[in-house]
Amino acid sequence: MKLTLKKISTCFLLLGFAAQLHAQDIPRLDNGKPDMNGIWARPYVSDMGAAGNGRNQTGPGELPFTEAGRRNFDNYNPSTGDYTGTCLPFGLLRAMNSPDPIQFMQTDTHFALLYEQNTWFKVINTDGENHSPGVATWFGNTIAKWEGDTLVLTTSEFNGKTRLDTIGHPHSDQLTVTERLTRRDLETMDYEVTINDPIYYSAPWTNKRVFTLQKDFELIEYSCEENNKSMWEGRIKPPNYDNWHTYDTKE
Amino acid sequence: MFKPAGRTKTFLVLAAALVIQIPAQAHHSITGEFNTEVTFELRGTLTKLDWTNPHLWYYLDVVNEAGSVEKWQCTTGQNPNRLLRSGWKKEDLPIGAVIRTIRSNPARDQSNTCIVGGITLDDGTPIFSGTKGETRTN
């Protein structure tokens, strides 16, 4: 078959039209924004750097540690202090990496994330403005905006008392997290998170995963404090924040 | 080398060095509390079950080689919420049942405490594993 420029152009036009149809095949609110409401199952991401662990998530493989980042990660030892084990707030990333489901509730003005993990929540104004209370927090301060059909959450002002994942990748209080949520179709949502922390990483890096909508499903109360025997009996120790970071005095 | 005190006649020390395992559903790192380089199994009688968050706890009477009873407590990465959604209930494991632990790691504090990768009834039937009613091998 002889491929003419006209035929090739027609193919691209049809492909583009099909892609546009596919992009529109998602539920929307009355304001036209993609409907993110629902309870979503998420892959457990214990190592955000892993190139893929078969659980529907993909990291960069090797992380671009700075010298301080490498030193911090190599020295991490949860036996000397485990903040999640003591039920302190997991922070944004550890909460998003949890295997427990999450509910999104969305209005024209706000986006709420309800984490079953430890029954936490986070509510974000989606007007694109900065509503910072002016204090550093466990989950950070988020500015939300829509880029087309993608909800972009940019978060900073972290208190620096958490880690990125279970394996212990560090972050500093200079961390900026950019999360991009894109509803792919009726059942799934793409979740892409970019880590930008010049203290511990020499370049931004990204982890991608897919959330799956759960039907006939409700969140259940989850109390981390209910029976935390491991801490009560002294096997899990609280973290020592005096030596949590490796950049305060050495960089 | 970890040497468990509460061994039964069927107790097995299966593996030692270089076995790193993190239960897929644990809410925090387990390596601080447990020695994941040592793996063993226990067989004992269930005396109590904490069907609680953040994780379940099994309490076992284990008969050691000398014939005396040693009390063990073992946790798991599982929590009640996930088990409920998989069809399991606390009543599915009655007090007094003889159970076996799978891929157990000892606590670093040398107490009779462990974390298990799973449990079965004495006949090997997995319990609190996968979706209730579906065949699954631990």
# chains A, B, ... in the order shown; residues from 1 in each chain; ligands from 1
>>> interface_residues(of="chain A", to="chain B", cutoff="7 Å", atoms="only C-alpha atoms", output="list in words")
Asn77, Pro78, Ser79, Thr84, Gly85, Pro99, Thr166, Ile167, Ile220, Tyr222, Ser223, Cys224, Glu226, Asn227, Asn228, Arg235 and Ile236 of chain A
>>> write_last_selection(atoms="N, CA and C atoms", output="mmCIF file, in the first residue's frame")
data_model
loop_
_atom_site.group_PDB
_atom_site.id
_atom_site.type_symbol
_atom_site.label_atom_id
_atom_site.label_comp_id
_atom_site.auth_asym_id
_atom_site.auth_seq_id
_atom_site.Cartn_x
_atom_site.Cartn_y
_atom_site.Cartn_z
ATOM 1 N N ASN A 77 17.669 3.902 60.718
ATOM 2 C CA ASN A 77 17.508 2.647 61.442
ATOM 3 C C ASN A 77 16.240 2.726 62.286
ATOM 4 N N PRO A 78 15.154 2.120 61.821
ATOM 5 C CA PRO A 78 13.887 2.245 62.551
ATOM 6 C C PRO A 78 13.933 1.636 63.943
ATOM 7 N N SER A 79 14.924 0.781 64.222
ATOM 8 C CA SER A 79 14.983 0.202 65.571
ATOM 9 C C SER A 79 15.364 1.249 66.612
ATOM 10 N N THR A 84 6.184 6.254 62.606
ATOM 11 C CA THR A 84 4.868 5.704 62.249
ATOM 12 C C THR A 84 4.463 4.596 63.215
ATOM 13 N N GLY A 85 5.452 3.850 63.689
ATOM 14 C CA GLY A 85 5.159 2.796 64.651
ATOM 15 C C GLY A 85 4.600 3.341 65.951
ATOM 16 N N PRO A 99 -1.440 1.179 52.086
ATOM 17 C CA PRO A 99 -2.270 0.224 51.330
ATOM 18 C C PRO A 99 -3.756 0.371 51.608
ATOM 19 N N THR A 166 8.123 3.715 53.605
ATOM 20 C CA THR A 166 8.422 2.791 54.694
ATOM 21 C C THR A 166 9.904 2.461 54.765
ATOM 22 N N ILE A 167 10.527 2.360 53.628
ATOM 23 C CA ILE A 167 11.939 1.988 53.614
ATOM 24 C C ILE A 167 12.814 3.102 54.186
ATOM 25 N N ILE A 220 -13.871 2.468 57.018
ATOM 26 C CA ILE A 220 -14.063 1.961 58.379
ATOM 27 C C ILE A 220 -13.083 2.695 59.295
ATOM 28 N N TYR A 222 -10.235 3.525 61.748
ATOM 29 C CA TYR A 222 -8.946 2.846 61.948
ATOM 30 C C TYR A 222 -8.180 3.630 63.000
ATOM 31 N N SER A 223 -8.056 3.074 64.168
ATOM 32 C CA SER A 223 -7.312 3.734 65.241
ATOM 33 C C SER A 223 -5.940 3.101 65.384
ATOM 34 N N CYS A 224 -4.926 3.878 65.080
ATOM 35 C CA CYS A 224 -3.555 3.377 65.251
ATOM 36 C C CYS A 224 -3.213 3.209 66.733
ATOM 37 N N GLU A 226 -5.258 2.272 69.163
ATOM 38 C CA GLU A 226 -6.124 1.349 69.898
ATOM 39 C C GLU A 226 -5.351 0.273 70.643
ATOM 40 N N ASN A 227 -4.435 -0.379 69.963
ATOM 41 C CA ASN A 227 -3.730 -1.503 70.595
ATOM 42 C C ASN A 227 -2.294 -1.531 70.091
ATOM 43 N N ASN A 228 -1.586 -0.440 70.300
ATOM 44 C CA ASN A 228 -0.216 -0.352 69.804
ATOM 45 C C ASN A 228 0.736 -0.968 70.823
ATOM 46 N N ARG A 235 9.085 -2.102 72.453
ATOM 47 C CA ARG A 235 9.817 -2.637 71.297
ATOM 48 C C ARG A 235 9.904 -1.622 70.160
ATOM 49 N N ILE A 236 8.938 -0.728 70.076
ATOM 50 C CA ILE A 236 9.030 0.385 69.131
ATOM 51 C C ILE A 236 9.334 1.639 69.930
#
>>> select_by_dssp(residues="region 55-105 of chain B", states="alpha helix (DSSP H)", output="list in words")
Pro80, Asn81, Arg82, Leu83, Leu84 and Arg85 of chain B
>>> write_last_selection(atoms="C-alpha atoms", output="PDB file, in the first residue's frame")
ATOM      1  CA  PRO B  80      -9.496  -6.011  61.072  1.00  0.00           C
ATOM      2  CA  ASN B  81     -10.667  -3.630  58.354  1.00  0.00           C
ATOM      3  CA  ARG B  82      -8.999  -5.559  55.561  1.00  0.00           C
ATOM      4  CA  LEU B  83     -10.059  -8.893  56.986  1.00  0.00           C
ATOM      5  CA  LEU B  84     -13.694  -7.783  57.295  1.00  0.00           C
ATOM      6  CA  ARG B  85     -13.669  -6.761  53.641  1.00  0.00           C
TER       7      ARG B  85
END
>>> atom_distance(atom1="CA of Thr101 (chain B)", atom2="CA of Cys74 (chain B)")
8.7 Å
>>> atom_distance(atom1="CA of Gly44 (chain B)", atom2="CA of Pro94 (chain B)")
13.2 Å
>>> closest_residue(among="A:Thr194, A:Thr86, A:Leu92, A:Trp138", to="Glu233 (chain A)", atoms="only C-alpha atoms")
A:Thr86
>>> atom_distance(atom1="CA of Trp205 (chain A)", atom2="CA of Pro170 (chain A)")
13.4 Å
>>> select_by_dssp(residues="region 40-147 of chain A", states="strand (DSSP E)", output="list in words")
Trp40, Ala41, Gln57, Thr58, Ile102, Gln103, Phe104, Met105, Gln106, His110, Phe111, Ala112, Leu113, Leu114, Tyr115, Trp120, Phe121, Lys122, Val123, Ile124, Asn125, Asn141, Thr142, Ile143, Ala144, Lys145, Trp146 and Glu147 of chain A
>>> write_last_selection(atoms="C-alpha atoms", output="PDB file, in the first residue's frame")
ATOM      1  CA  TRP A  40     -10.094   4.357  45.750  1.00  0.00           C
ATOM      2  CA  ALA A  41      -7.855   1.350  46.261  1.00  0.00           C
ATOM      3  CA  GLN A  57       3.496   1.514  40.744  1.00  0.00           C
ATOM      4  CA  THR A  58       6.640   2.771  39.079  1.00  0.00           C
ATOM      5  CA  ILE A 102      -8.758   6.623  50.450  1.00  0.00           C
ATOM      6  CA  GLN A 103     -11.957   8.556  49.793  1.00  0.00           C
ATOM      7  CA  PHE A 104     -11.993  11.717  47.691  1.00  0.00           C
ATOM      8  CA  MET A 105     -14.819  14.188  48.245  1.00  0.00           C
ATOM      9  CA  GLN A 106     -15.051  17.060  45.826  1.00  0.00           C
ATOM     10  CA  HIS A 110     -12.794  22.137  47.891  1.00  0.00           C
ATOM     11  CA  PHE A 111     -11.157  18.737  47.543  1.00  0.00           C
ATOM     12  CA  ALA A 112     -11.015  16.467  50.591  1.00  0.00           C
ATOM     13  CA  LEU A 113      -8.834  13.425  51.057  1.00  0.00           C
ATOM     14  CA  LEU A 114     -10.122  11.007  53.687  1.00  0.00           C
ATOM     15  CA  TYR A 115      -7.493   8.457  54.587  1.00  0.00           C
ATOM     16  CA  TRP A 120      -6.808  11.198  58.894  1.00  0.00           C
ATOM     17  CA  PHE A 121      -8.131  13.820  56.518  1.00  0.00           C
ATOM     18  CA  LYS A 122      -6.876  16.711  54.445  1.00  0.00           C
ATOM     19  CA  VAL A 123      -9.095  19.430  52.940  1.00  0.00           C
ATOM     20  CA  ILE A 124      -7.802  21.648  50.143  1.00  0.00           C
ATOM     21  CA  ASN A 125      -9.277  24.798  48.644  1.00  0.00           C
ATOM     22  CA  ASN A 141       0.228  23.316  52.847  1.00  0.00           C
ATOM     23  CA  THR A 142      -1.345  22.595  49.479  1.00  0.00           C
ATOM     24  CA  ILE A 143      -2.189  24.863  46.569  1.00  0.00           C
ATOM     25  CA  ALA A 144      -4.595  23.202  44.156  1.00  0.00           C
ATOM     26  CA  LYS A 145      -5.417  24.035  40.572  1.00  0.00           C
ATOM     27  CA  TRP A 146      -6.811  22.339  37.515  1.00  0.00           C
ATOM     28  CA  GLU A 147      -4.673  21.869  34.428  1.00  0.00           C
TER      29      GLU A 147
END
